[in-house]
>>> print(open('coords30.csv').read())   # CSV, C-alpha atoms
chain,number,residue,atom,x,y,z
S,1,MET,CA,41.9,135.8,115.1
S,2,SER,CA,40.7,139.2,116.3
S,3,ALA,CA,37.5,140.9,115.0
S,4,SER,CA,39.5,143.8,113.7
S,5,ARG,CA,41.9,141.5,111.7
S,6,LEU,CA,38.9,139.7,110.2
S,7,LYS,CA,37.3,143.0,109.2
S,8,GLN,CA,40.6,144.1,107.6
S,9,LEU,CA,40.9,140.9,105.6
S,10,LYS,CA,37.2,141.2,104.5
S,11,SER,CA,37.8,144.7,103.2
S,12,GLN,CA,40.7,143.4,101.1
S,13,ILE,CA,39.1,140.3,99.7
S,14,LEU,CA,35.4,141.2,99.2
S,15,PRO,CA,35.8,144.1,96.8
S,16,ASP,CA,37.6,141.9,94.2
S,17,LYS,CA,34.9,139.3,94.4
S,18,ILE,CA,32.1,141.9,94.0
S,19,ILE,CA,33.9,143.4,90.9
S,20,ALA,CA,34.5,140.0,89.4
S,21,MET,CA,30.8,139.1,89.8
S,22,ALA,CA,29.5,142.5,88.6
S,23,GLY,CA,29.8,141.6,84.9
S,24,SER,CA,26.8,140.2,83.2
S,25,PRO,CA,27.1,136.4,83.2
S,26,SER,CA,26.8,134.4,80.0
S,27,PRO,CA,23.4,132.9,79.4
S,28,LEU,CA,25.2,129.8,78.1
S,29,THR,CA,27.8,127.9,80.3
S,30,THR,CA,29.6,124.7,80.1
S,31,HIS,CA,31.6,122.5,82.6
S,32,VAL,CA,33.9,119.7,81.5
S,33,LEU,CA,34.4,116.9,84.0
S,34,ASN,CA,37.0,114.2,83.5
S,35,THR,CA,35.1,111.3,85.1
S,36,ALA,CA,37.9,108.8,84.6
S,37,MET,CA,40.1,110.7,86.9
S,38,GLY,CA,37.5,112.6,89.0
S,39,VAL,CA,38.9,116.0,88.1
S,40,PRO,CA,37.7,119.0,86.1
S,41,GLY,CA,38.6,118.9,82.4
S,42,SER,CA,40.9,121.9,82.5
S,43,ASN,CA,42.8,123.4,79.6
S,44,MET,CA,40.5,122.0,76.9
S,45,SER,CA,40.0,124.0,73.7
S,46,LEU,CA,36.4,124.5,72.6
S,47,SER,CA,34.5,126.4,70.0
S,48,LEU,CA,30.9,127.7,69.9
S,49,TYR,CA,29.0,127.9,66.6
S,50,ARG,CA,25.5,129.0,65.6
S,51,GLN,CA,23.8,127.4,62.6
S,52,ASP,CA,22.6,129.8,59.8
S,53,PRO,CA,18.9,128.8,59.3
S,54,SER,CA,18.9,129.7,55.6
S,55,THR,CA,22.1,127.8,54.6
S,56,ASN,CA,22.6,125.4,57.5
S,57,ALA,CA,26.2,126.5,57.6
S,58,TRP,CA,27.9,126.8,61.0
S,59,ASN,CA,29.1,130.2,61.9
S,60,LEU,CA,31.9,130.5,64.5
S,61,ILE,CA,30.9,132.7,67.5
S,62,THR,CA,33.9,132.2,69.8
S,63,THR,CA,36.7,130.0,70.9
S,64,GLY,CA,38.0,129.4,74.4
S,65,THR,CA,39.8,127.1,76.8
S,66,THR,CA,38.4,125.7,80.0
S,67,ASN,CA,39.9,127.0,83.2
S,68,ASP,CA,41.2,125.1,86.2
S,69,ASP,CA,37.7,124.3,87.2
S,70,GLY,CA,36.8,122.9,83.7
S,71,ARG,CA,34.6,126.0,82.9
S,72,CYS,CA,34.8,128.5,80.1
S,73,PRO,CA,33.2,131.7,81.3
S,74,GLY,CA,32.0,134.4,78.9
S,75,LEU,CA,31.0,132.2,76.0
S,76,ILE,CA,28.3,134.6,74.6
S,77,THR,CA,26.7,137.8,75.7
S,78,LYS,CA,23.0,138.1,76.4
S,79,GLN,CA,22.7,140.5,73.5
S,80,SER,CA,24.2,138.0,71.0
S,81,PHE,CA,22.3,135.0,72.4
S,82,THR,CA,19.3,134.4,70.1
S,83,SER,CA,17.0,131.5,69.3
S,84,GLY,CA,18.5,128.9,67.0
S,85,VAL,CA,20.7,125.8,66.7
S,86,TYR,CA,24.1,125.9,68.4
S,87,LYS,CA,27.1,123.6,68.5
S,88,MET,CA,29.9,123.3,71.1
S,89,HIS,CA,33.0,121.6,69.7
S,90,PHE,CA,35.4,120.2,72.3
S,91,GLU,CA,39.0,119.2,71.3
S,92,THR,CA,39.2,116.0,73.3
S,93,ALA,CA,42.1,114.4,71.5
S,94,GLN,CA,44.4,117.4,72.3
S,95,TYR,CA,43.2,117.3,75.9
S,96,TRP,CA,44.0,113.6,76.4
S,97,ALA,CA,47.3,113.9,74.5
S,98,SER,CA,48.4,116.7,76.8
S,99,MET,CA,48.3,114.0,79.6
S,100,GLY,CA,50.1,111.4,77.5
S,101,GLU,CA,46.9,109.5,76.8
S,102,THR,CA,44.9,108.5,73.7
S,103,CYS,CA,41.2,108.5,73.3
S,104,PHE,CA,38.5,107.0,71.1
S,105,TYR,CA,36.7,110.3,70.3
S,106,PRO,CA,39.1,112.9,68.8
S,107,HIS,CA,36.5,115.6,69.4
S,108,VAL,CA,33.0,115.9,70.9
S,109,GLU,CA,30.3,118.0,69.3
S,110,ILE,CA,27.1,118.9,71.2
S,111,VAL,CA,24.4,120.3,69.1
S,112,PHE,CA,21.4,121.8,70.8
S,113,THR,CA,18.4,124.1,70.1
S,114,ILE,CA,17.7,127.4,72.0
S,115,ASN,CA,14.0,128.3,71.9
S,116,ASP,CA,14.0,130.8,74.7
S,117,PRO,CA,17.2,132.9,74.8
S,118,GLY,CA,15.9,134.6,78.0
S,119,GLN,CA,16.6,131.4,80.0
S,120,LYS,CA,20.0,130.2,81.2
S,121,TYR,CA,21.5,127.1,79.6
S,122,HIS,CA,24.2,124.9,81.1
S,123,ILE,CA,25.8,122.2,78.9
S,124,PRO,CA,28.1,119.9,81.0
S,125,LEU,CA,30.4,117.4,79.3
S,126,LEU,CA,31.3,114.3,81.3
S,127,LEU,CA,34.3,112.7,79.7
S,128,SER,CA,36.5,109.7,79.8
S,129,ARG,CA,38.9,108.3,77.2
S,130,PHE,CA,36.2,106.0,75.7
S,131,SER,CA,32.9,107.7,76.5
S,132,TYR,CA,31.1,110.9,77.1
S,133,SER,CA,27.8,112.1,78.2
S,134,THR,CA,26.0,115.4,78.4
S,135,TYR,CA,22.6,116.9,79.5
S,136,ARG,CA,20.9,120.2,80.0
S,137,GLY,CA,21.9,121.4,83.4
S,138,SER,CA,20.8,124.4,85.4
>>> encode(input="coords30.csv", output="structure tokens")
Amino acid sequence: MSASRLKQLKSQILPDKIIAMAGSPSPLTTHVLNTAMGVPGSNMSLSLYRQDPSTNAWNLITTGTTNDDGRCPGLITKQSFTSGVYKMHFETAQYWASMGETCFYPHVEIVFTINDPGQKYHIPLLLSRFSYSTYRGS
């Protein structure tokens, strides 16, 4: 391919990527991986909650659906991300049912504490029909 053609392609592709990355990334991210099939956990509904420290009630912050890569971008803004106890609720039964499967855990809830909202937190969910695991990623 000629240098002029590569330059033309670059000028058409690169601006879109720069615009897409220009937004402020969420300080909290997740990534669902279907470890049974070795694929991302795409199209899974999830909800993010923050616990009210005075009542212990869970307040819904947002809902979303994982994309084709098993990620759910834009969960919370830096301005809304404060210290406290959070919960991610994943609708695993619906996910497995959409593939004609059943599962042991109808939903997964990951509860975690944020002490320093200035840091980035990544909460992966590794999932099969009969087990799940999570950890604090980077």
>>> residues_around(input="coords30.csv", residues="stretch 131-136 of chain S", least_positions_apart="6", cutoff="10 Å", atoms="all atoms listed in the file", output="JSON, numbers by chain")
{"S": [30, 31, 32, 33, 34, 35, 36, 103, 104, 105, 108, 110, 112, 121, 122, 123, 124, 125]}
>>> closest_residue(input="coords30.csv", among="S:Gly84, S:Pro25, S:Gly38, S:Gly100", to="S:Gln51", atoms="all atoms listed in the file")
S:Gly84
>>> closest_residue(input="coords30.csv", among="S:Gln94, S:Ser128, S:Thr102, S:Thr29", to="S:Gly74", atoms="only C-alpha atoms")
S:Thr29
>>> atom_distance(input="coords30.csv", atom1="atom CA of S:Asn67", atom2="atom CA of S:Pro40")
8.8 Å
>>> closest_residue(input="coords30.csv", among="S:Lys87, S:Ser26, S:Thr66, S:Lys78", to="S:Arg50", atoms="all atoms listed in the file")
S:Lys87
>>> closest_residue(input="coords30.csv", among="S:Thr113, S:Ser138, S:Ser42, S:Asn56", to="S:Arg71", atoms="all atoms listed in the file")
S:Ser42
>>> closest_residue(input="coords30.csv", among="S:Ala93, S:Leu126, S:Val85, S:Met99", to="S:Asp52", atoms="all atoms listed in the file")
S:Val85
>>> closest_residue(input="coords30.csv", among="S:Leu28, S:Leu127, S:Ile114, S:Cys72", to="S:Tyr86", atoms="only C-alpha atoms")
S:Ile114
>>> atom_distance(input="coords30.csv", atom1="atom CA of S:Gly118", atom2="atom CA of S:Ser47")
21.8 Å
>>> residues_near_point(input="coords30.csv", point="(45.5, 117.3, 83.1)", cutoff="8 Å", atoms="all atoms listed in the file", output="ChimeraX atom specification")
/S:41-43,95-96,98-99
